[in-house]
>>> print(open('work_36.cif').read())   # mmCIF, C-alpha atoms and all ligand atoms
data_data
#
loop_
_atom_site.group_PDB
_atom_site.id
_atom_site.type_symbol
_atom_site.label_atom_id
_atom_site.label_comp_id
_atom_site.auth_asym_id
_atom_site.auth_seq_id
_atom_site.Cartn_x
_atom_site.Cartn_y
_atom_site.Cartn_z
ATOM 1 C CA MET Z 15 68.279 82.497 107.630
ATOM 2 C CA TYR Z 16 70.760 80.790 109.895
ATOM 3 C CA ILE Z 17 73.738 82.137 107.981
ATOM 4 C CA HIS Z 18 73.246 85.420 106.202
ATOM 5 C CA ILE Z 19 76.181 86.946 104.365
ATOM 6 C CA GLU Z 20 75.850 90.279 102.657
ATOM 7 C CA ASP Z 21 78.310 92.028 100.330
ATOM 8 C CA LEU Z 22 81.317 90.554 102.096
ATOM 9 C CA GLU Z 23 84.671 91.824 100.858
ATOM 10 C CA LYS Z 24 88.202 90.932 101.841
ATOM 11 C CA SER Z 25 91.606 91.883 100.488
ATOM 12 C CA TYR Z 26 95.078 90.703 101.383
ATOM 13 C CA THR Z 27 98.110 92.881 100.980
ATOM 14 C CA SER Z 28 101.530 91.400 100.485
ATOM 15 C CA GLY Z 29 104.276 93.929 99.935
ATOM 16 C CA SER Z 30 102.746 96.686 97.872
ATOM 17 C CA VAL Z 31 100.302 94.396 96.088
ATOM 18 C CA LYS Z 32 96.707 94.351 97.267
ATOM 19 C CA THR Z 33 94.587 91.414 96.111
ATOM 20 C CA LYS Z 34 90.843 91.312 96.496
ATOM 21 C CA VAL Z 35 90.072 87.747 97.576
ATOM 22 C CA LEU Z 36 86.333 88.111 98.275
ATOM 23 C CA LYS Z 37 84.466 90.502 96.022
ATOM 24 C CA GLY Z 38 81.019 91.028 97.473
ATOM 25 C CA ILE Z 39 79.823 87.636 98.674
ATOM 26 C CA ASN Z 40 76.117 87.055 99.346
ATOM 27 C CA LEU Z 41 75.108 83.721 100.810
ATOM 28 C CA GLN Z 42 72.235 82.196 102.776
ATOM 29 C CA LEU Z 43 72.029 78.890 104.591
ATOM 30 C CA ALA Z 44 69.128 77.645 106.721
ATOM 31 C CA ARG Z 45 69.489 75.901 110.071
ATOM 32 C CA ALA Z 46 70.353 72.191 109.888
ATOM 33 C CA GLU Z 47 71.154 72.402 106.194
ATOM 34 C CA ILE Z 48 74.333 71.309 104.448
ATOM 35 C CA GLY Z 49 75.911 73.947 102.211
ATOM 36 C CA VAL Z 50 78.758 73.283 99.807
ATOM 37 C CA ILE Z 51 81.091 76.015 98.567
ATOM 38 C CA LEU Z 52 82.432 74.719 95.307
ATOM 39 C CA GLY Z 53 85.431 76.305 93.652
ATOM 40 C CA PRO Z 54 88.953 75.768 92.391
ATOM 41 C CA SER Z 55 92.021 76.308 94.524
ATOM 42 C CA GLY Z 56 92.584 80.004 95.233
ATOM 43 C CA SER Z 57 88.962 81.019 94.654
ATOM 44 C CA GLY Z 58 88.549 82.189 98.266
ATOM 45 C CA LYS Z 59 86.855 79.221 99.941
ATOM 46 C CA SER Z 60 89.091 79.095 103.027
ATOM 47 C CA THR Z 61 88.999 82.840 103.441
ATOM 48 C CA LEU Z 62 85.198 82.786 103.432
ATOM 49 C CA LEU Z 63 84.992 79.890 105.913
ATOM 50 C CA ASN Z 64 87.558 81.552 108.171
ATOM 51 C CA ILE Z 65 85.502 84.740 108.314
ATOM 52 C CA ILE Z 66 82.289 82.823 109.060
ATOM 53 C CA GLY Z 67 84.174 80.853 111.728
ATOM 54 C CA GLY Z 68 85.597 83.943 113.393
ATOM 55 C CA ILE Z 69 89.217 83.083 112.543
ATOM 56 C CA ASP Z 70 89.613 85.999 110.163
ATOM 57 C CA ARG Z 71 87.895 89.346 109.614
ATOM 58 C CA CYS Z 72 86.365 90.863 106.519
ATOM 59 C CA ASP Z 73 86.988 94.428 105.288
ATOM 60 C CA THR Z 74 83.386 95.347 104.553
ATOM 61 C CA GLY Z 75 80.011 93.637 104.519
ATOM 62 C CA LYS Z 76 77.955 91.674 106.988
ATOM 63 C CA ALA Z 77 78.031 88.126 108.312
ATOM 64 C CA ILE Z 78 75.155 87.089 110.564
ATOM 65 C CA VAL Z 79 75.177 83.636 112.157
ATOM 66 C CA ASP Z 80 72.149 82.556 114.154
ATOM 67 C CA GLY Z 81 71.122 86.167 114.679
ATOM 68 C CA ASP Z 82 74.568 87.359 115.796
ATOM 69 C CA GLU Z 83 76.273 89.871 113.574
ATOM 70 C CA ILE Z 84 79.769 88.458 113.932
ATOM 71 C CA THR Z 85 81.274 91.194 111.802
ATOM 72 C CA ASN Z 86 80.511 93.571 114.695
ATOM 73 C CA LEU Z 87 82.141 91.516 117.451
ATOM 74 C CA ASN Z 88 85.316 92.637 119.179
ATOM 75 C CA ASP Z 89 88.261 90.255 119.491
ATOM 76 C CA LYS Z 90 87.173 88.841 122.824
ATOM 77 C CA GLU Z 91 83.600 88.275 121.659
ATOM 78 C CA LEU Z 92 84.864 86.704 118.459
ATOM 79 C CA THR Z 93 87.048 84.255 120.416
ATOM 80 C CA GLU Z 94 84.060 83.336 122.532
ATOM 81 C CA TYR Z 95 81.855 82.880 119.472
ATOM 82 C CA ARG Z 96 84.447 80.592 117.926
ATOM 83 C CA ARG Z 97 84.945 78.578 121.098
ATOM 84 C CA GLU Z 98 81.262 78.220 121.957
ATOM 85 C CA HIS Z 99 79.644 77.697 118.636
ATOM 86 C CA ILE Z 100 82.024 76.690 115.877
ATOM 87 C CA GLY Z 101 83.465 73.304 115.009
ATOM 88 C CA PHE Z 102 86.240 73.466 112.431
ATOM 89 C CA ILE Z 103 87.607 70.562 110.407
ATOM 90 C CA PHE Z 104 90.592 71.042 108.116
ATOM 91 C CA GLN Z 105 92.227 69.120 105.312
ATOM 92 C CA PHE Z 106 95.236 68.091 107.404
ATOM 93 C CA TYR Z 107 93.478 67.119 110.668
ATOM 94 C CA HIS Z 108 95.619 69.298 113.012
ATOM 95 C CA LEU Z 109 95.672 66.697 115.783
ATOM 96 C CA ILE Z 110 98.093 66.995 118.700
ATOM 97 C CA PRO Z 111 100.707 64.305 117.974
ATOM 98 C CA ASN Z 112 101.661 63.408 121.542
ATOM 99 C CA LEU Z 113 98.081 62.994 122.770
ATOM 100 C CA ASN Z 114 96.057 59.874 122.064
ATOM 101 C CA VAL Z 115 92.650 59.887 120.363
ATOM 102 C CA LYS Z 116 90.666 60.310 123.559
ATOM 103 C CA GLU Z 117 92.959 63.041 124.867
ATOM 104 C CA ASN Z 118 92.798 64.955 121.582
ATOM 105 C CA ILE Z 119 89.038 65.097 122.017
ATOM 106 C CA GLU Z 120 89.243 65.857 125.739
ATOM 107 C CA VAL Z 121 91.294 68.980 125.086
ATOM 108 C CA VAL Z 122 88.244 70.528 123.443
ATOM 109 C CA ALA Z 123 85.689 68.945 125.773
ATOM 110 C CA ASN Z 124 87.484 70.487 128.764
ATOM 111 C CA ILE Z 125 86.969 74.021 127.517
ATOM 112 C CA SER Z 126 83.377 73.507 126.371
ATOM 113 C CA ARG Z 127 80.407 74.616 128.383
ATOM 114 C CA VAL Z 128 78.157 71.618 127.731
ATOM 115 C CA PRO Z 129 80.304 68.986 126.003
ATOM 116 C CA LEU Z 130 78.892 65.744 124.678
ATOM 117 C CA LYS Z 131 80.172 62.547 126.268
ATOM 118 C CA ILE Z 132 83.512 61.547 124.771
ATOM 119 C CA ASP Z 133 82.329 57.959 124.416
ATOM 120 C CA ASP Z 134 79.296 59.133 122.452
ATOM 121 C CA VAL Z 135 81.359 61.060 119.908
ATOM 122 C CA LEU Z 136 83.851 58.198 119.680
ATOM 123 C CA HIS Z 137 80.902 55.966 118.912
ATOM 124 C CA ALA Z 138 79.547 58.432 116.328
ATOM 125 C CA VAL Z 139 82.789 58.212 114.350
ATOM 126 C CA GLN Z 140 83.305 54.524 115.187
ATOM 127 C CA LEU Z 141 86.626 54.880 116.943
ATOM 128 C CA GLU Z 142 85.815 53.414 120.365
ATOM 129 C CA ASP Z 143 88.339 50.623 119.888
ATOM 130 C CA LYS Z 144 91.129 53.032 118.928
ATOM 131 C CA LYS Z 145 90.771 55.639 121.633
ATOM 132 C CA HIS Z 146 94.185 54.892 123.149
ATOM 133 C CA ARG Z 147 96.079 55.162 119.896
ATOM 134 C CA PHE Z 148 98.216 58.109 118.893
ATOM 135 C CA PRO Z 149 97.602 59.988 115.641
ATOM 136 C CA ARG Z 150 100.669 58.417 113.978
ATOM 137 C CA GLU Z 151 99.116 54.983 114.584
ATOM 138 C CA LEU Z 152 96.013 55.854 112.582
ATOM 139 C CA SER Z 153 95.218 56.029 108.867
ATOM 140 C CA GLY Z 154 94.404 59.386 107.270
ATOM 141 C CA GLY Z 155 90.690 58.597 107.339
ATOM 142 C CA GLU Z 156 90.828 57.639 111.013
ATOM 143 C CA GLN Z 157 92.718 60.827 111.848
ATOM 144 C CA GLN Z 158 90.070 62.823 110.048
ATOM 145 C CA ARG Z 159 87.404 61.001 112.068
ATOM 146 C CA VAL Z 160 89.201 62.051 115.258
ATOM 147 C CA SER Z 161 89.173 65.637 114.086
ATOM 148 C CA ILE Z 162 85.431 65.327 113.358
ATOM 149 C CA ALA Z 163 84.905 63.930 116.872
ATOM 150 C CA ARG Z 164 86.961 66.763 118.315
ATOM 151 C CA ALA Z 165 84.867 69.348 116.471
ATOM 152 C CA LEU Z 166 81.681 67.582 117.472
ATOM 153 C CA VAL Z 167 82.296 67.147 121.197
ATOM 154 C CA LYS Z 168 81.465 70.753 121.993
ATOM 155 C CA LYS Z 169 78.159 70.327 120.165
ATOM 156 C CA PRO Z 170 78.800 73.217 117.810
ATOM 157 C CA LYS Z 171 75.853 74.881 116.191
ATOM 158 C CA LEU Z 172 77.879 75.295 113.040
ATOM 159 C CA LEU Z 173 80.385 72.862 111.590
ATOM 160 C CA LEU Z 174 82.805 74.341 109.060
ATOM 161 C CA CYS Z 175 84.716 71.868 106.910
ATOM 162 C CA ASP Z 176 87.572 73.137 104.782
ATOM 163 C CA GLU Z 177 88.419 70.709 101.974
ATOM 164 C CA ILE Z 178 88.297 67.850 104.459
ATOM 165 C CA THR Z 179 88.516 65.047 101.923
ATOM 166 C CA GLY Z 180 91.350 66.719 100.013
ATOM 167 C CA ALA Z 181 94.009 64.379 101.411
ATOM 168 C CA LEU Z 182 91.941 61.199 101.442
ATOM 169 C CA ASP Z 183 91.339 58.416 98.923
ATOM 170 C CA TYR Z 184 87.987 57.813 97.260
ATOM 171 C CA ALA Z 185 86.518 55.214 99.627
ATOM 172 C CA THR Z 186 87.686 57.041 102.741
ATOM 173 C CA SER Z 187 86.349 60.351 101.444
ATOM 174 C CA ARG Z 188 82.913 58.849 100.973
ATOM 175 C CA GLU Z 189 83.026 57.374 104.439
ATOM 176 C CA ILE Z 190 83.932 60.759 105.966
ATOM 177 C CA LEU Z 191 81.122 62.449 104.044
ATOM 178 C CA LYS Z 192 78.722 59.790 105.273
ATOM 179 C CA PHE Z 193 79.706 60.576 108.869
ATOM 180 C CA LEU Z 194 79.059 64.258 108.242
ATOM 181 C CA GLN Z 195 75.604 63.575 106.855
ATOM 182 C CA GLN Z 196 74.818 61.377 109.830
ATOM 183 C CA ILE Z 197 75.917 64.102 112.245
ATOM 184 C CA ASN Z 198 73.805 66.631 110.375
ATOM 185 C CA LYS Z 199 70.831 64.316 110.780
ATOM 186 C CA ASP Z 200 71.415 63.178 114.375
ATOM 187 C CA TYR Z 201 72.424 66.505 115.911
ATOM 188 C CA GLN Z 202 70.748 68.887 113.431
ATOM 189 C CA THR Z 203 74.133 70.580 113.054
ATOM 190 C CA THR Z 204 74.334 73.116 110.256
ATOM 191 C CA ILE Z 205 77.298 72.255 108.034
ATOM 192 C CA LEU Z 206 79.131 74.460 105.568
ATOM 193 C CA MET Z 207 81.894 72.796 103.630
ATOM 194 C CA SER Z 208 84.338 73.797 100.936
ATOM 195 C CA THR Z 209 85.540 71.554 98.140
ATOM 196 C CA HIS Z 210 86.834 71.565 94.594
ATOM 197 C CA ASN Z 211 85.050 68.252 93.974
ATOM 198 C CA THR Z 212 81.901 68.931 91.921
ATOM 199 C CA ALA Z 213 80.440 65.519 92.843
ATOM 200 C CA LEU Z 214 79.836 66.732 96.394
ATOM 201 C CA ARG Z 215 77.128 69.118 95.234
ATOM 202 C CA ALA Z 216 74.715 66.165 95.166
ATOM 203 C CA MET Z 217 74.807 65.749 98.950
ATOM 204 C CA ALA Z 218 74.177 69.435 99.718
ATOM 205 C CA ASN Z 219 70.972 71.363 100.286
ATOM 206 C CA ARG Z 220 72.600 74.456 98.810
ATOM 207 C CA VAL Z 221 75.565 74.828 96.519
ATOM 208 C CA TYR Z 222 77.540 78.044 96.017
ATOM 209 C CA LYS Z 223 79.826 78.102 93.039
ATOM 210 C CA LEU Z 224 82.780 80.337 93.805
ATOM 211 C CA ARG Z 225 85.157 81.706 91.214
ATOM 212 C CA SER Z 226 87.868 84.295 91.892
ATOM 213 C CA GLY Z 227 86.127 85.579 95.008
ATOM 214 C CA GLU Z 228 82.635 85.774 93.534
ATOM 215 C CA ILE Z 229 79.658 83.459 93.861
ATOM 216 C CA ILE Z 230 78.701 82.913 90.259
ATOM 217 C CA GLN Z 231 75.850 80.540 91.012
ATOM 218 C CA GLU Z 232 73.756 79.508 94.016
ATOM 219 C CA THR Z 233 71.656 76.382 93.640
ATOM 220 C CA ILE Z 234 69.038 74.954 95.968
ATOM 221 C CA ASN Z 235 69.006 71.185 95.832
ATOM 222 C CA ASP Z 236 65.652 69.717 96.860
ATOM 223 C CA ALA Z 237 66.827 66.140 96.592
ATOM 224 C CA ALA Z 238 70.140 65.808 98.417
ATOM 225 C CA VAL Z 239 71.424 62.241 98.107
ATOM 226 C CA PRO Z 240 73.221 60.071 100.689
ATOM 227 C CA ALA Z 241 77.010 60.356 100.442
ATOM 228 C CA GLU Z 242 77.365 56.653 99.671
ATOM 229 C CA ARG Z 243 75.571 57.250 96.388
ATOM 230 C CA ILE Z 244 77.948 59.962 95.223
ATOM 231 C CA GLU Z 245 80.509 58.976 92.631
ATOM 232 C CA TRP Z 246 83.391 60.794 91.027
HETATM 233 P P1 LIG N 301 90.853 78.483 98.434
HETATM 234 O O1 LIG N 301 90.486 78.055 99.821
HETATM 235 O O2 LIG N 301 89.699 78.513 97.489
HETATM 236 O O3 LIG N 301 91.999 77.705 97.876
HETATM 237 P P2 LIG N 301 91.919 80.838 99.740
HETATM 238 O O4 LIG N 301 90.816 81.495 100.459
HETATM 239 O O5 LIG N 301 92.868 79.996 100.524
HETATM 240 O O6 LIG N 301 91.321 79.996 98.513
HETATM 241 O O7 LIG N 301 92.788 81.932 98.999
HETATM 242 C C1 LIG N 301 92.246 82.864 98.097
HETATM 243 C C2 LIG N 301 93.343 83.799 97.630
HETATM 244 O O8 LIG N 301 93.792 84.575 98.724
HETATM 245 C C3 LIG N 301 94.564 83.085 97.093
HETATM 246 O O9 LIG N 301 95.013 83.788 95.968
HETATM 247 C C4 LIG N 301 95.550 83.165 98.222
HETATM 248 O O10 LIG N 301 96.859 83.180 97.741
HETATM 249 C C5 LIG N 301 95.187 84.483 98.892
HETATM 250 N N1 LIG N 301 95.456 84.458 100.338
HETATM 251 C C6 LIG N 301 94.871 83.655 101.248
HETATM 252 N N2 LIG N 301 95.316 83.898 102.495
HETATM 253 C C7 LIG N 301 96.229 84.899 102.370
HETATM 254 C C8 LIG N 301 97.051 85.616 103.296
HETATM 255 N N3 LIG N 301 97.010 85.359 104.608
HETATM 256 N N4 LIG N 301 97.860 86.580 102.791
HETATM 257 C C9 LIG N 301 97.885 86.847 101.481
HETATM 258 N N5 LIG N 301 97.128 86.223 100.559
HETATM 259 C C10 LIG N 301 96.318 85.253 100.983
#
>>> encode(input="work_36.cif", output="structure tokens", more="lines below")
Ligand code: ADP
Amino acid sequence: MYIHIEDLEKSYTSGSVKTKVLKGINLQLARAEIGVILGPSGSGKSTLLNIIGGIDRCDTGKAIVDGDEITNLNDKELTEYRREHIGFIFQFYHLIPNLNVKENIEVVANISRVPLKIDDVLHAVQLEDKKHRFPRELSGGEQQRVSIARALVKKPKLLLCDEITGALDYATSREILKFLQQINKDYQTTILMSTHNTALRAMANRVYKLRSGEIIQETINDAAVPAERIEW
């Protein structure tokens, strides 16, 4: 399996209170598949994605991505793993406000070993004509497309998407999801995304239902549908 997670546990301590946020997660995702982690706010989705993306560490358990046991990496190796292999997209875009669209993407391209051409990723998210605009001159959907392009330019082997349609309206959300599916198809990028929107399960190859830090159901979907056919 491309992603193999075994008995993953994670607690946070604030003050004297320790809260177990992930309680023994097991999860599998094959290469070039789309996985959806479905769960309400606070169920542990971001924590799980952050551990898989090398942003955070677990307490116990195993996370293997493309044969690398990332739970065994030291800080330097983990930074390298994140920089080389992981594209991250967040709910609130995290663009650099005083750089234009092209420059926001260049920042990542410049530190990538084999970046894609900026014009190609701009084309993939249909923003060629807006490459000189600043984030504040773009709609929410366009800003999210820039952040997809930025994640994509380093040709990540794994794209992690944390509630990326959470701040977008219905039509724009569907458009963003359509772009993701297209990227998955064109570049064979494995995608793992979190959402609280149950409708998104239809576009996934695998769905993991998360509740209070536990996967209560894993479903394999043999007939994933195009995002434009999803309704909610
Ligand atoms: P979700 O993404 O499903 O909304 P999170 O993974 O963000 O869930 O959070 C799961 C739980 O962990 C929540 O109760 C949250 O308050 C807690 N949590 C997340 N990050 C931290 C942190 N850095 N310190 C303390 N508690 C945290």
>>> closest_residue(input="work_36.cif", among="Z:Leu41, Z:Met207, Z:Val50, Z:Ala163", to="Phe193 of chain Z", atoms="only C-alpha atoms")
Z:Ala163
>>> closest_atom_pairs(input="work_36.cif", of="chain Z", to="ligand LIG 301 (chain N)", cutoff="9 Å", atoms="all atoms listed in the file", output="Markdown table")
| residue | atom | partner | partner_atom | distance |
| --- | --- | --- | --- | --- |
| Z:Ser25 | CA | N:LIG301 | O8 | 7.8 |
| Z:Tyr26 | CA | N:LIG301 | C9 | 4.8 |
| Z:Thr27 | CA | N:LIG301 | C9 | 6.1 |
| Z:Ser28 | CA | N:LIG301 | C9 | 5.9 |
| Z:Lys32 | CA | N:LIG301 | C9 | 8.7 |
| Z:Thr33 | CA | N:LIG301 | N5 | 7.3 |
| Z:Lys34 | CA | N:LIG301 | O8 | 7.7 |
| Z:Val35 | CA | N:LIG301 | O8 | 5.0 |
| Z:Leu36 | CA | N:LIG301 | C1 | 7.9 |
| Z:Leu52 | CA | N:LIG301 | O2 | 8.5 |
| Z:Gly53 | CA | N:LIG301 | O2 | 6.1 |
| Z:Pro54 | CA | N:LIG301 | O2 | 5.8 |
| Z:Ser55 | CA | N:LIG301 | O3 | 3.6 |
| Z:Gly56 | CA | N:LIG301 | O6 | 3.5 |
| Z:Ser57 | CA | N:LIG301 | O2 | 3.9 |
| Z:Gly58 | CA | N:LIG301 | O4 | 3.2 |
| Z:Lys59 | CA | N:LIG301 | O1 | 3.8 |
| Z:Ser60 | CA | N:LIG301 | O1 | 3.6 |
| Z:Thr61 | CA | N:LIG301 | O4 | 3.7 |
| Z:Leu62 | CA | N:LIG301 | O4 | 6.5 |
| Z:Leu63 | CA | N:LIG301 | O4 | 8.1 |
| Z:Asn64 | CA | N:LIG301 | O4 | 8.4 |
| Z:Asp176 | CA | N:LIG301 | O1 | 7.6 |
| Z:Glu177 | CA | N:LIG301 | O1 | 7.9 |
| Z:Ser208 | CA | N:LIG301 | O1 | 7.6 |
| Z:Thr209 | CA | N:LIG301 | O2 | 8.1 |
| Z:His210 | CA | N:LIG301 | O2 | 8.1 |
| Z:Leu224 | CA | N:LIG301 | O2 | 8.0 |
| Z:Arg225 | CA | N:LIG301 | O2 | 8.4 |
| Z:Ser226 | CA | N:LIG301 | C1 | 7.7 |
| Z:Gly227 | CA | N:LIG301 | C1 | 7.4 |
>>> resolve_selection(input="work_36.cif", expression="the PyMOL selection byres (((chain Z and resi 42) around 9) and not hetatm)", output="NGL selection string")
:Z and (15-20 or 40-41 or 43-44 or 220)
>>> resolve_selection(input="work_36.cif", expression="the PyMOL selection byres (((chain Z and resi 221) around 8) and not hetatm)", output="MDAnalysis selection string")
chainID Z and resid 49:52 215 218:220 222:223 231:235
>>> residues_near_point(input="work_36.cif", point="(94.3, 70.6, 112.7)", cutoff="12 Å", atoms="only C-alpha atoms", output="list in words")
Gly101, Phe102, Ile103, Phe104, Gln105, Phe106, Tyr107, His108, Leu109, Ile110, Pro111, Asn118, Pro149, Gln157, Gln158, Arg159, Val160, Ser161, Ile162, Arg164, Ala165, Cys175, Asp176 and Ile178 of chain Z
>>> closest_residue(input="work_36.cif", among="Z:Val139, Z:Leu22, Z:Ile65, Z:Leu152", to="Gln195 of chain Z", atoms="only C-alpha atoms")
Z:Val139
>>> axis_aligned_box(input="work_36.cif", around="segment 187-205 of chain Z", padding_each_side="3 Å", output="AutoDock Vina command-line options")
--center_x 78.5 --center_y 65.2 --center_z 108.4 --size_x 21.6 --size_y 21.7 --size_z 20.9
>>> residues_around(input="work_36.cif", residues="Lys145 of chain Z", least_positions_apart="3", cutoff="10 Å", atoms="all atoms listed in the file", output="MDAnalysis selection string")
chainID Z and resid 114:119 132:133 136 140:142 148 160
>>> closest_residue(input="work_36.cif", among="Z:Ile244, Z:Val128, Z:Leu166, Z:Ile100", to="Asp200 of chain Z", atoms="all atoms listed in the file")
Z:Leu166
>>> atom_distance(input="work_36.cif", atom1="atom CA of Arg188 of chain Z", atom2="atom CA of Leu173 of chain Z")
17.8 Å
>>> atom_distance(input="work_36.cif", atom1="atom CA of Thr203 of chain Z", atom2="atom CA of Arg45 of chain Z")
7.7 Å
